[in-house]
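Colleague: Shown below is the structure under consideration.
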Amino acid sequence: MILLSKKLKRVEYNNVVKLHSDQLYGFALGFLRNEEDANDIVQDVFEKLWIHRKSIAFEKAKSWMFTCAHNAMLNFLRKKQRIQLIGDEKLPEVLPKTVNLFESHEVVNRAVGILPPVQKSIILLRDLEGYSYEEIGKILGLSDSQVKVYLFRARNKIKKQLKGLVELV
């Protein structure tokens, strides 16, 4: 007889970590844009997963980890903002016509970086990680329609920020 909601044991914990560590790190790195901070968040999530392994079903571990990472990143940013004053991050009004590919990626990353945290998470989870609206909703505690609205608004904000850029070949 197969149990449908078995709790995480050592083997299942290791499998979950192996399966989802790269995606979790990519999510954290895209959100924080700092390798050390992303590594710290991922390690904190794995530690919390281990501590709570007896109360987390194997099937829900992935969603739980992404939710935990999202909340940890929000807390990290709040703490960081209290420690240092952050200037208004805005893209330059006019970019030179000789923008290379690397610079265009930086501009896009910066446009994503100035989004509100929930919108940033949704953009990263949907467009970079490929999660469905339902999965994102479970991770962030939102309905499918809320995810769609936030995604639409985030894409519009990015579009406005990038308006006027020269199309690269």
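FYI, nothing fancy with the structure tokens labels: chains A, B, ... in order, residues from 1 per chain, ligands from 1 as they appear.
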List the spatial neighbours of segment 116-125 of chain A as a VMD selection string - criterion: any atom at most 6 Å away, only C-alpha atoms, same-chain residues fewer than 6 positions off excluded.
Modeller: chain A and resid 131 150 154
Colleague: For segment 39-41 of chain A, list every protein, DNA or RNA residue within 10 Å, evaluated using only C-alpha atoms, and leave out those in the same chain fewer than 4 positions away; present the list as a PDB file with N, CA, C and O atoms, in the first residue's frame.
Modeller:
ATOM      1  N   LEU A  24      15.556  26.551  -7.122  1.00  0.00           N
ATOM      2  CA  LEU A  24      15.426  27.421  -5.959  1.00  0.00           C
ATOM      3  C   LEU A  24      16.525  28.483  -5.949  1.00  0.00           C
ATOM      4  O   LEU A  24      16.264  29.654  -5.699  1.00  0.00           O
ATOM      5  N   TYR A  25      17.740  28.060  -6.265  1.00  0.00           N
ATOM      6  CA  TYR A  25      18.854  29.011  -6.336  1.00  0.00           C
ATOM      7  C   TYR A  25      18.623  30.031  -7.457  1.00  0.00           C
ATOM      8  O   TYR A  25      18.841  31.228  -7.277  1.00  0.00           O
ATOM      9  N   GLY A  26      18.161  29.569  -8.615  1.00  0.00           N
ATOM     10  CA  GLY A  26      17.883  30.482  -9.725  1.00  0.00           C
ATOM     11  C   GLY A  26      16.829  31.513  -9.369  1.00  0.00           C
ATOM     12  O   GLY A  26      16.937  32.694  -9.713  1.00  0.00           O
ATOM     13  N   ALA A  28      16.099  32.568  -6.285  1.00  0.00           N
ATOM     14  CA  ALA A  28      16.683  33.490  -5.300  1.00  0.00           C
ATOM     15  C   ALA A  28      17.676  34.449  -5.962  1.00  0.00           C
ATOM     16  O   ALA A  28      17.697  35.642  -5.654  1.00  0.00           O
ATOM     17  N   LEU A  29      18.489  33.938  -6.870  1.00  0.00           N
ATOM     18  CA  LEU A  29      19.462  34.788  -7.555  1.00  0.00           C
ATOM     19  C   LEU A  29      18.770  35.827  -8.429  1.00  0.00           C
ATOM     20  O   LEU A  29      19.155  36.997  -8.441  1.00  0.00           O
ATOM     21  N   LEU A  32      17.241  38.426  -5.850  1.00  0.00           N
ATOM     22  CA  LEU A  32      18.168  39.228  -5.049  1.00  0.00           C
ATOM     23  C   LEU A  32      19.319  39.810  -5.855  1.00  0.00           C
ATOM     24  O   LEU A  32      19.949  40.771  -5.431  1.00  0.00           O
ATOM     25  N   ASN A  34      22.286  38.724  -6.199  1.00  0.00           N
ATOM     26  CA  ASN A  34      23.536  38.631  -5.459  1.00  0.00           C
ATOM     27  C   ASN A  34      23.754  37.161  -5.112  1.00  0.00           C
ATOM     28  O   ASN A  34      22.922  36.553  -4.426  1.00  0.00           O
ATOM     29  N   GLU A  35      24.875  36.600  -5.578  1.00  0.00           N
ATOM     30  CA  GLU A  35      25.120  35.171  -5.415  1.00  0.00           C
ATOM     31  C   GLU A  35      25.205  34.749  -3.953  1.00  0.00           C
ATOM     32  O   GLU A  35      24.652  33.725  -3.561  1.00  0.00           O
ATOM     33  N   VAL A  45      16.529  27.903   3.628  1.00  0.00           N
ATOM     34  CA  VAL A  45      15.340  27.122   3.248  1.00  0.00           C
ATOM     35  C   VAL A  45      15.583  25.637   3.490  1.00  0.00           C
ATOM     36  O   VAL A  45      14.726  24.939   4.035  1.00  0.00           O
ATOM     37  N   PHE A  46      16.760  25.142   3.091  1.00  0.00           N
ATOM     38  CA  PHE A  46      17.067  23.726   3.309  1.00  0.00           C
ATOM     39  C   PHE A  46      17.111  23.390   4.802  1.00  0.00           C
ATOM     40  O   PHE A  46      16.664  22.324   5.217  1.00  0.00           O
ATOM     41  N   GLU A  47      17.641  24.310   5.587  1.00  0.00           N
ATOM     42  CA  GLU A  47      17.683  24.089   7.034  1.00  0.00           C
ATOM     43  C   GLU A  47      16.268  24.020   7.605  1.00  0.00           C
ATOM     44  O   GLU A  47      15.936  23.128   8.394  1.00  0.00           O
ATOM     45  N   CYS A  68       8.734  29.410   1.270  1.00  0.00           N
ATOM     46  CA  CYS A  68       9.681  29.759   2.334  1.00  0.00           C
ATOM     47  C   CYS A  68      10.762  30.700   1.799  1.00  0.00           C
ATOM     48  O   CYS A  68      11.119  31.692   2.445  1.00  0.00           O
ATOM     49  N   ALA A  69      11.282  30.405   0.601  1.00  0.00           N
ATOM     50  CA  ALA A  69      12.311  31.260  -0.008  1.00  0.00           C
ATOM     51  C   ALA A  69      11.752  32.647  -0.297  1.00  0.00           C
ATOM     52  O   ALA A  69      12.413  33.662  -0.032  1.00  0.00           O
ATOM     53  N   HIS A  70      10.547  32.707  -0.831  1.00  0.00           N
ATOM     54  CA  HIS A  70       9.922  34.001  -1.131  1.00  0.00           C
ATOM     55  C   HIS A  70       9.793  34.836   0.140  1.00  0.00           C
ATOM     56  O   HIS A  70      10.179  36.010   0.164  1.00  0.00           O
ATOM     57  N   ASN A  71       9.282  34.228   1.195  1.00  0.00           N
ATOM     58  CA  ASN A  71       9.124  34.955   2.464  1.00  0.00           C
ATOM     59  C   ASN A  71      10.478  35.364   3.042  1.00  0.00           C
ATOM     60  O   ASN A  71      10.621  36.475   3.561  1.00  0.00           O
ATOM     61  N   ALA A  72      11.464  34.489   2.950  1.00  0.00           N
ATOM     62  CA  ALA A  72      12.801  34.812   3.463  1.00  0.00           C
ATOM     63  C   ALA A  72      13.419  35.979   2.691  1.00  0.00           C
ATOM     64  O   ALA A  72      14.071  36.845   3.278  1.00  0.00           O
ATOM     65  N   MET A  73      13.202  36.008   1.383  1.00  0.00           N
ATOM     66  CA  MET A  73      13.753  37.100   0.573  1.00  0.00           C
ATOM     67  C   MET A  73      13.073  38.424   0.899  1.00  0.00           C
ATOM     68  O   MET A  73      13.731  39.466   0.961  1.00  0.00           O
ATOM     69  N   PHE A  76      14.520  39.512   4.133  1.00  0.00           N
ATOM     70  CA  PHE A  76      15.889  39.950   3.899  1.00  0.00           C
ATOM     71  C   PHE A  76      15.918  41.373   3.334  1.00  0.00           C
ATOM     72  O   PHE A  76      16.690  42.218   3.793  1.00  0.00           O
TER      73      PHE A  76
END
Colleague: Which residues in chain A does DSSP call alpha helix (DSSP H)? List them as number ranges by chain.
Modeller: A: 10-32, 35-51, 61-83, 101-113, 117-123, 133-140, 144-162
Colleague: Have a look at A:Asp44, A:Glu59, A:Glu36, A:Glu129 and name the one nearest to Asp22 of chain A; count only C-alpha atoms.
Modeller: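 Smallest separation from Asp22 of chain A among the options: A:Glu129.
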Colleague: Using only C-alpha atoms, which residues sit within 10 Å of Lys157 of chain A once same-chain residues fewer than 6 positions away are excluded, as a VMD selection string?
Modeller: chain A and resid 111 to 112 114 to 115 119 151 163
Colleague: Generate the output file for the selected residues, C-alpha atoms, as a PDB file, in the first residue's frame.
Modeller:
ATOM      1  CA  ALA A 111      13.748  46.706 -14.899  1.00  0.00           C
ATOM      2  CA  VAL A 112      12.740  43.438 -13.231  1.00  0.00           C
ATOM      3  CA  ILE A 114      12.673  47.546  -9.466  1.00  0.00           C
ATOM      4  CA  LEU A 115       9.352  45.709  -9.486  1.00  0.00           C
ATOM      5  CA  GLN A 119       5.427  41.026  -9.018  1.00  0.00           C
ATOM      6  CA  LEU A 151       1.909  39.186 -13.969  1.00  0.00           C
ATOM      7  CA  LYS A 163      10.048  51.675 -24.037  1.00  0.00           C
TER       8      LYS A 163
END
Colleague: Work out how far apart atom CA of Arg82 of chain A and atom CA of Gly113 of chain A are and give it in Å to one decimal.
Modeller: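 Distance reported for this atom pair: 18.3 Å.
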Colleague: Select, from A:Asn75, A:Gln81, A:Ser132, A:Gln161, the residue with the minimum atom-to-atom distance to Val147 of chain A, counting only C-alpha atoms.
Modeller: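 For Val147 of chain A, the nearest of the candidates is A:Ser132.
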Colleague: If I take atom CA of Leu162 of chain A and atom CA of Gln146 of chain A, how far is one from the other in Å, to one decimal?
Modeller: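 Rounded to one decimal, the two atoms are 24.2 Å apart.
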